[in-house]
Amino acid sequence: MELDDELRSITNGDSTIVQYCTRIKSIADILANTGAPVPKRNLVIYAISGFFPKFVHVVTTIRHQKPFPTFLEMWSMLTLEERSMLKEQNRVLPSIHQDHASTPTILNTTHENCNHENWPPNNHRGSSFNGRGGA
């Protein structure tokens with residue numbers, strides 16, 4: 001009874017799809033071995049009922065699929081979605097990190113061996129550049 005209750009109320013939480021589905025399959029196998037098998041359709045229903053909002057669109061697809069998917073088909077669909085989400089996350093995060101450095105870079109310069117009497121250059125009349133600019 002305890003395992004059956006756990007199966008009916010299981011939630012995904014922070015688990016990966018593999019961890020979550022493995023736990024559900026383990027509970028279902030134990031129940032089957034003790035003479036209380038879980039109907040295959042119910043196993044899928046219990047599994048999709050425990051997902052948090054980020055998989056809601058996949059869960060909706062699973063619920064309306066005809067014929068109703070097996071547990072392994074559901075597992076596969078959710079695993080593919082999780083991988084896609086992780087790829088997207090990994091693609092977005094590096095670009096955010098590169099665009100917004102957390103530590104500013106500061107350039108410090110010193111003027112060693114600099115004649116401060118003639119600084120800045122080209123500031124005196126009669127320079128050799130004749131007002132044409134130059135460096």
# chains A, B, ... in the order shown; residues from 1 in each chain; ligands from 1

call {"tool": "residues_around", "arguments": {"residues": "stretch 64-72 of chain A", "least_positions_apart": "4", "cutoff": "9 Å", "atoms": "only C-alpha atoms", "output": "PDB file with C-alpha atoms, in the first residue's frame"}}
result
ATOM      1  CA  CYS A  21      11.408   7.502 -14.545  1.00  0.00           C
ATOM      2  CA  LYS A  25       9.804   1.896 -12.929  1.00  0.00           C
ATOM      3  CA  LYS A  40       0.544   0.263 -18.042  1.00  0.00           C
ATOM      4  CA  ARG A  41      -1.697   3.219 -18.866  1.00  0.00           C
ATOM      5  CA  LEU A  43       1.912   4.129 -14.950  1.00  0.00           C
ATOM      6  CA  VAL A  44       2.117   6.797 -17.658  1.00  0.00           C
ATOM      7  CA  ALA A  47       4.376   9.734 -14.208  1.00  0.00           C
ATOM      8  CA  VAL A  59       2.739  16.406 -20.882  1.00  0.00           C
ATOM      9  CA  THR A  60      -0.196  17.890 -22.813  1.00  0.00           C
ATOM     10  CA  SER A  76      11.811   8.897 -24.482  1.00  0.00           C
ATOM     11  CA  MET A  77       9.734  11.997 -25.307  1.00  0.00           C
TER      12      MET A  77
END

call {"tool": "atom_distance", "arguments": {"atom1": "atom CA of A:Pro39", "atom2": "atom CA of A:Lys54"}}
result
26.6 Å
